[in-house]
Structure formats: structure tokens, C-alpha cells
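Enquirer: Got data.cif for you, mmCIF, C-alpha atoms:
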```
data_entry
#
loop_
_atom_site.label_atom_id
_atom_site.label_comp_id
_atom_site.auth_asym_id
_atom_site.auth_seq_id
_atom_site.Cartn_x
_atom_site.Cartn_y
_atom_site.Cartn_z
CA MET A 1 52.48 134.03 -36.71
CA ASN A 2 52.82 137.71 -35.96
CA ARG A 3 49.24 137.76 -34.81
CA ARG A 4 49.97 135.13 -32.16
CA LEU A 5 52.95 137.08 -30.85
CA VAL A 6 50.86 140.19 -30.58
CA LEU A 7 48.17 138.35 -28.64
CA LEU A 8 50.78 136.85 -26.29
CA ASN A 9 52.32 140.26 -25.69
CA LEU A 10 48.91 141.71 -24.94
CA ALA A 11 48.15 138.87 -22.48
CA LEU A 12 51.47 139.41 -20.71
CA LEU A 13 50.83 143.10 -20.52
CA GLY A 14 47.40 142.56 -19.00
CA LEU A 15 48.79 140.10 -16.41
CA THR A 16 51.47 142.59 -15.44
CA ALA A 17 48.83 145.29 -14.99
CA VAL A 18 46.77 143.01 -12.72
CA LEU A 19 49.81 142.20 -10.57
CA VAL A 20 50.70 145.86 -10.22
CA TRP A 21 47.12 146.71 -9.19
CA MET A 22 47.06 143.92 -6.53
CA LEU A 23 50.43 145.04 -5.15
CA ARG A 24 49.23 148.62 -4.88
CA THR A 25 46.00 147.52 -3.15
CA ASN A 26 47.83 145.44 -0.57
CA TRP A 27 50.27 148.26 0.07
CA PHE A 28 47.49 150.76 0.73
CA GLY A 29 45.76 148.25 3.02
CA ALA A 30 48.92 147.75 5.06
CA GLN A 31 49.30 151.53 5.37
CA ALA A 32 45.73 151.85 6.59
CA ARG A 33 46.15 149.16 9.22
CA GLU A 34 49.37 150.74 10.44
CA ARG A 35 47.73 154.11 10.86
CA ALA A 36 44.79 152.49 12.67
CA VAL A 37 47.11 150.83 15.14
CA LEU A 38 49.17 153.95 15.66
CA ASP A 39 46.15 156.15 16.05
CA LEU A 40 44.51 153.85 18.61
CA GLN A 41 44.18 155.60 22.01
CA VAL A 42 44.90 153.27 25.03
CA GLU A 43 43.19 154.27 28.22
CA PRO A 44 45.84 154.65 30.98
CA LYS A 45 45.44 152.50 34.11
CA LYS A 46 44.91 154.16 37.42
CA LEU A 47 47.95 153.97 39.70
CA LEU A 48 47.27 153.19 43.35
CA ALA A 49 49.16 155.09 45.98
CA PRO A 50 51.82 153.01 47.82
CA PRO A 51 50.97 152.02 51.41
CA SER A 52 52.36 154.25 54.08
CA PRO A 53 55.35 152.79 56.02
CA PRO A 54 54.73 151.63 59.62
CA LEU A 55 55.45 154.05 62.33
CA ALA A 56 58.78 153.61 64.11
CA LYS A 57 58.56 152.12 67.60
CA PRO A 58 59.81 154.27 70.41
CA VAL A 59 63.24 153.38 71.70
CA SER A 60 63.23 151.17 74.83
CA PRO A 61 66.35 151.03 77.03
CA ALA A 62 65.64 147.40 77.91
CA GLU A 63 66.36 146.38 74.34
CA TYR A 64 69.99 147.46 74.73
CA LEU A 65 70.77 145.45 77.86
CA GLU A 66 72.61 142.81 75.85
CA VAL A 67 74.78 145.49 74.25
CA ALA A 68 75.64 146.93 77.64
CA GLY A 69 76.28 143.51 79.20
CA LYS A 70 78.56 142.27 76.41
CA MET A 71 80.63 145.34 75.92
CA LEU A 72 84.10 144.24 74.93
CA PHE A 73 85.92 147.18 76.49
CA SER A 74 84.31 147.08 79.94
CA LYS A 75 84.56 143.78 81.84
CA ASP A 76 82.93 145.19 84.97
CA ARG A 77 79.63 145.60 83.13
CA ASN A 78 79.11 141.85 82.84
CA PRO A 79 75.83 141.07 84.67
CA THR A 80 76.79 137.44 85.25
CA VAL A 81 78.39 137.12 88.68
CA VAL A 82 80.65 134.07 88.91
CA ILE A 83 80.60 132.59 92.41
CA GLU A 84 83.51 130.28 93.00
CA ALA A 85 82.44 127.16 94.88
CA PRO A 86 84.64 126.15 97.80
CA PRO A 87 86.83 123.11 97.16
CA PRO A 88 85.31 119.84 98.37
CA LYS A 89 86.43 118.59 101.72
CA PRO A 90 88.91 115.73 101.57
CA GLU A 91 87.37 112.37 102.25
CA PRO A 92 88.29 111.00 105.69
CA PRO A 93 90.44 107.86 105.71
CA MET A 94 88.53 104.62 105.96
CA PRO A 95 88.80 103.04 109.42
CA ALA A 96 89.87 99.46 109.99
CA LEU A 97 87.40 96.88 108.76
CA PRO A 98 85.68 94.61 111.30
CA SER A 99 87.32 91.28 112.08
CA TYR A 100 85.66 88.15 110.71
CA HIS A 101 85.25 85.12 113.00
CA GLY A 102 82.86 82.91 111.03
CA GLN A 103 79.24 82.58 109.95
CA MET A 104 76.22 80.39 110.52
CA ALA A 105 73.53 79.58 107.94
CA ILE A 106 70.80 78.05 110.14
CA GLY A 107 67.66 80.02 109.43
CA GLU A 108 68.68 83.54 108.50
CA PRO A 109 72.44 83.64 107.80
CA VAL A 110 74.53 85.56 110.33
CA ALA A 111 78.18 86.57 110.34
CA PHE A 112 80.26 86.77 113.51
CA LEU A 113 82.19 90.06 113.49
CA SER A 114 83.99 92.24 115.96
CA THR A 115 85.51 95.71 116.06
CA PRO A 116 88.78 96.66 117.78
CA ALA A 117 86.74 98.33 120.54
CA GLY A 118 83.92 95.79 120.76
CA ALA A 119 83.34 92.12 121.47
CA GLN A 120 82.43 89.50 118.92
CA ARG A 121 78.74 89.00 118.11
CA SER A 122 76.47 87.98 115.26
CA TYR A 123 75.28 90.40 112.55
CA HIS A 124 72.60 90.03 109.89
CA ALA A 125 72.77 91.61 106.44
CA GLY A 126 71.69 95.26 106.70
CA GLU A 127 72.91 95.82 110.29
CA THR A 128 75.52 98.41 111.20
CA ILE A 129 78.84 97.58 112.82
CA GLY A 130 80.87 100.65 113.75
CA ASP A 131 81.14 102.96 110.74
CA PHE A 132 80.24 100.17 108.33
CA LYS A 133 77.00 98.58 107.20
CA LEU A 134 76.95 94.87 106.42
CA ILE A 135 75.49 94.41 102.91
CA SER A 136 76.02 90.74 102.08
CA PHE A 137 78.38 87.84 102.69
CA ASP A 138 79.07 84.28 101.63
CA ARG A 139 81.74 81.68 102.33
CA GLU A 140 84.41 83.52 100.35
CA THR A 141 83.60 87.24 100.30
CA ILE A 142 81.93 89.84 102.49
CA GLU A 143 80.66 93.27 101.43
CA PHE A 144 80.31 96.42 103.56
CA GLU A 145 79.05 99.94 102.83
CA TRP A 146 81.01 102.98 104.02
CA HIS A 147 79.90 106.53 103.17
CA GLY A 148 77.81 105.24 100.28
CA LYS A 149 80.70 103.23 98.81
CA SER A 150 80.87 99.47 98.48
CA VAL A 151 83.82 97.79 100.23
CA GLN A 152 84.28 94.12 99.32
CA ARG A 153 86.91 91.85 100.84
CA LYS A 154 87.68 88.17 101.10
CA VAL A 155 86.81 86.67 104.46
CA GLU A 156 90.37 85.38 104.85
CA GLU A 157 91.68 88.94 104.74
CA LEU A 158 89.48 89.94 107.69
CA ARG A 159 90.36 87.07 110.01
CA PRO A 160 92.20 88.30 113.15
CA LYS A 161 95.98 88.05 112.83
CA GLU A 162 98.19 86.71 115.58
CA VAL A 163 99.48 89.34 118.00
CA ALA A 164 103.04 88.27 118.69
CA GLN A 165 103.40 90.62 121.66
CA ALA A 166 100.65 88.81 123.59
CA ALA A 167 102.25 85.38 123.24
CA ALA A 168 105.89 86.46 123.63
CA PRO A 169 105.91 86.70 127.51
CA GLN A 170 104.64 83.10 127.79
CA ARG A 171 107.26 81.44 125.55
CA PRO A 172 110.39 82.23 127.64
CA ALA A 173 108.81 80.49 130.64
CA ALA A 174 108.60 77.20 128.79
CA ALA A 175 111.99 77.67 127.14
CA ALA A 176 113.69 78.52 130.44
CA SER A 177 112.63 75.26 132.11
CA PRO A 178 115.75 73.31 133.13
CA PRO A 179 116.38 70.01 131.36
CA SER A 180 115.59 66.74 133.07
CA GLY A 181 118.22 65.78 135.69
CA ALA A 182 119.64 69.31 136.03
CA ASN A 183 119.97 70.93 139.45
CA PRO A 184 119.25 74.66 139.20
CA ALA A 185 120.95 76.93 141.67
CA GLY A 186 119.00 77.45 144.84
CA GLY A 187 116.35 74.81 144.00
CA ASN A 188 115.64 71.13 144.17
CA SER A 189 116.18 68.85 141.24
CA GLY A 190 113.04 67.28 139.84
CA PRO A 191 110.85 66.92 136.79
CA ILE A 192 109.54 69.79 134.70
CA LYS A 193 106.77 71.81 136.28
CA ALA A 194 103.34 70.41 135.45
CA VAL A 195 100.32 72.48 134.52
CA THR A 196 97.34 72.30 136.85
CA ALA A 197 93.92 71.45 135.40
CA LEU A 198 90.62 73.01 136.42
CA GLY A 199 90.04 70.32 139.04
CA GLY A 200 93.25 71.26 140.86
CA SER A 201 95.17 68.03 140.15
CA SER A 202 98.79 68.18 139.03
CA GLY A 203 101.03 66.03 136.91
CA ASN A 204 99.82 64.19 133.83
CA ALA A 205 96.27 63.76 135.09
CA PRO A 206 93.38 63.70 132.60
CA GLY A 207 92.43 67.18 131.54
CA ALA A 208 95.96 68.57 131.91
CA LYS A 209 98.79 69.36 129.53
CA THR A 210 102.43 69.65 130.44
CA ASP A 211 104.35 72.81 129.82
CA ASN A 212 106.72 71.19 127.32
CA THR A 213 103.98 71.08 124.66
CA ASN A 214 104.30 73.67 121.90
CA ASP A 215 101.55 76.34 122.18
CA ASP A 216 101.09 76.61 118.42
CA SER A 217 100.22 72.92 118.16
CA ILE A 218 97.03 73.33 120.22
CA MET A 219 96.36 77.10 120.17
CA GLY A 220 95.47 79.43 117.34
CA PRO A 221 96.25 83.13 117.00
CA VAL A 222 95.26 85.65 119.67
CA GLN A 223 91.84 87.26 119.02
CA SER A 224 90.93 90.92 119.54
CA ASP A 225 89.19 90.10 122.84
CA GLY A 226 92.32 88.40 124.29
CA THR A 227 91.23 84.81 123.69
CA ARG A 228 92.93 82.34 121.38
CA SER A 229 91.23 80.08 118.88
CA CYS A 230 91.58 76.31 118.71
CA VAL A 231 93.31 74.42 115.94
CA PRO A 232 91.86 71.30 114.27
CA SER A 233 94.78 69.14 115.42
CA ASP A 234 94.09 69.89 119.12
CA THR A 235 92.80 66.78 120.93
CA SER A 236 93.13 68.06 124.49
CA PRO A 237 89.98 67.84 126.65
CA ALA A 238 88.01 70.79 127.94
CA ASN A 239 89.35 72.84 130.88
CA THR A 240 92.94 72.12 129.89
CA VAL A 241 95.28 74.89 131.12
CA GLN A 242 98.27 75.76 128.93
CA SER A 243 100.58 78.78 129.21
CA GLY A 244 98.07 80.81 131.17
CA PHE A 245 95.07 79.87 128.98
CA ARG A 246 92.19 77.53 129.81
CA LYS A 247 90.42 75.60 127.08
CA ASN A 248 86.68 76.37 126.98
CA VAL A 249 84.33 74.17 124.92
CA ILE A 250 80.65 75.13 124.46
CA MET A 251 78.28 72.63 122.86
CA THR A 252 75.67 74.13 120.47
CA VAL A 253 73.17 72.74 117.99
CA VAL A 254 75.71 73.19 115.21
CA GLY A 255 78.61 71.62 117.08
CA ALA A 256 81.24 72.56 119.62
CA ILE A 257 82.66 76.09 119.88
CA CYS A 258 86.22 75.99 121.20
CA SER A 259 88.40 78.81 122.50
CA TRP A 260 91.30 79.38 124.91
CA GLU A 261 90.62 81.99 127.62
CA GLN A 262 93.19 83.60 129.90
CA VAL A 263 93.22 82.28 133.45
CA LYS A 264 92.47 85.10 135.84
#
```
Translate the structure of the given file into C-alpha cells.
Expert:
Amino acid sequence: MNRRLVLLNLALLGLTAVLVWMLRTNWFGAQARERAVLDLQVEPKKLLAPPSPPLAKPVSPAEYLEVAGKMLFSKDRNPTVVIEAPPPKPEPPMPALPSYHGQMAIGEPVAFLSTPAGAQRSYHAGETIGDFKLISFDRETIEFEWHGKSVQRKVEELRPKEVAQAAAPQRPAAAASPPSGANPAGGNSGPIKAVTALGGSSGNAPGAKTDNTNDDSIMGPVQSDGTRSCVPSDTSPANTVQSGFRKNVIMTVVGAICSWEQVK
């Protein structure tokens, strides 16, 4: 029994010696490697010289024009000269539009127009009448151009209006006629004065109208040229004279053109 204990102690002692020897060997090896690394000489790298900076450009006065032109404390150094434009001229007033008398659509359509200073005549689209240019027209509207602007009106607005001053001197003559059977002072009693027709006959002959007929029933408004238009209800024949106007009827391919002209 004691022999076995002795052998076990000897085996443990030998194992301990082996472990101590291996520890010492590894320690010396680690020391050797450390010295080898520390003693290793690293060759230094060559350092290149830095590039030389670019040369400074010479100062140019032209590069400081913006600084001089936008100086906050000197307004007179602003190179921008502001030229004030003159105010636009006021647009002249538009003159009176031409008067509308009708239109005809046989072939190329034409419109019958007149100016206050001119007689009535036909105009095609694109022609100039006074200060206006006729652009287009139809049965309801008509369009002009004035100074590059479009002027559109209804044809009823451009029809000539009645001039009351032209018809006023004729009305008192009919109103002042004495009634039938009266005997005016200094004159002979008799019937109302009859209107003479173109043929020279008096009384109620064909082609004549008596003075007691209302002008408005057979005559239209006074036109710009001094004539008066006819009304649809007028059934008097041509060459009838009424209140200083003679009825003139012209036959054309489109029908009769009727007007009342002053007797000269």
C-alpha cells in the first residue's frame, strides 16, 4: 500500500516538472518573439514635397466695376441710367358712326351707308368709309374697325333718326289751314288748298295728295341728305307732292326704291 502511494507521488512530481518545463519554454519563446518584433527596423517612406501654390493673378480694375456700381453710399455711381418714357397720348374720341340705310345680297353683299358729310352709297366688306373700315355685316349687326379696334353695333342703332327741326316748319302750314266754311280775313272762302302733282293738275286728281293728310302716315324720318324715307303703309302713287316733298319711285331688279325728295 505504501509502495503505491510512493509511486503515485513520484508520478505527480514528474508531471509537475514537465508542466513547469513547458511553461518556461513558452515564456522564453514569447520573450524572443517580442524582442524580434521590437528590434525590427522599418524603412521610412520617402516624403514628397507639396506642390507649389499657384501664382496670384494681377489685380484688374475691371473686376471691381460691380463693387463701384453698387456702392450703397453713393447713388450717383449707378451706371444704369433710367430714362423716363413720356406718357402716352390720350386716344382721340371716336367720331360718329356711319348711318345705315340697308343692304343687298345679290352677288357680293353690299351695305348702303352714309356719313354726315357724304351721300349714301354702297360699300363692300373691307372698304373704308370716313375714319372707319367696314369689316362685316349681316341682317342684325354690323362691324367696323377704328384705330385697330373692333366696333360692333346693331343695324337698328345706326339707322338715321328723325330730325324734328326739318319737319317742324311744314307742320304749322297744314295746322293753320282754316276749317271748311270759314271766311278768313282778307280772303275768299273756299275749300282747303290742294297740293299740285307733278303734272300740274290741282284738286284730288290722280297722283296728288291733299294737305290735310298727316305727313307721318306716308313719310318716314328725314335722312342725312335731306330726303325722307317711305313707310310701308304709304299707297300714294309716284310723283305725289306732300308738304314740300315729291315722292320718287325707282324700279330695280330687287324691287322699288322709294323716297321723298324736297321740291326745288
Enquirer: Residues near Gly102 in chain A, anyone? I mean within 9 Å using all atoms listed in the file, not counting same-chain ones fewer than 4 positions away, as a PyMOL selection string.
Expert: chain A and resi 110-113+139+155+159
Enquirer: Find the distance between CA of Leu158 in chain A and CA of Pro95 in chain A and write it in Å to one decimal.
Expert: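 Interatomic distance here is 13.2 Å.
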Enquirer: Starting from the shown file, work through the PyMOL selection byres ((chain A and resi 232-234) around 10) and note down what comes out as a ChimeraX atom specification.
Expert: /A:216-220,229-231,235-237
Enquirer: Leaving out Pro93 in chain A and any residue of its chain fewer than 5 positions from it, which residues lie within 12 Å of it when counting only C-alpha atoms, given as a short mmCIF file (atom, residue, chain, number, x, y, z; two decimals) with C-alpha atoms, keeping the file's coordinate frame?
Expert:
```cif
data_model
loop_
_atom_site.label_atom_id
_atom_site.label_comp_id
_atom_site.auth_asym_id
_atom_site.auth_seq_id
_atom_site.Cartn_x
_atom_site.Cartn_y
_atom_site.Cartn_z
CA ASP A 131 81.14 102.96 110.74
CA TRP A 146 81.01 102.98 104.02
CA HIS A 147 79.90 106.53 103.17
#
```
Enquirer: Between CA of Pro90 in chain A and CA of Ile129 in chain A, what distance in Å does the model show, to one decimal?
Expert: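 Separation between CA of Pro90 in chain A and CA of Ile129 in chain A: 23.6 Å.
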Enquirer: State, in Å with one decimal place, the distance from CA of Ser259 in chain A to CA of Thr227 in chain A.
Expert: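 Taking CA of Ser259 in chain A and CA of Thr227 in chain A, their separation equals 6.7 Å.
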Enquirer: What would the selection look like, as a ChimeraX atom specification, if the PyMOL selection byres ((chain A and resi 121) around 12) were run on the coordinates I just shared?
Expert: /A:98-104,110-115,118-120,122-124,127,129,225
Enquirer: Determine, counting all atoms listed in the file, which protein, DNA and RNA residues have an atom within 8 Å of an atom of Lys247 in chain A; residues of the same chain fewer than 3 positions away are not included. Present the result as a PyMOL selection string.
Expert: chain A and resi 237-241+258-261
Enquirer: Adding 3 Å on each side of the box along x, y and z that holds all listed atoms of range 31-41 of chain A, could you give its centre and edge lengths in Å to one decimal, as AutoDock Vina command-line options?
Expert:
```
--center_x 46.8 --center_y 152.7 --center_z 13.7 --size_x 11.2 --size_y 13.0 --size_z 22.6
```
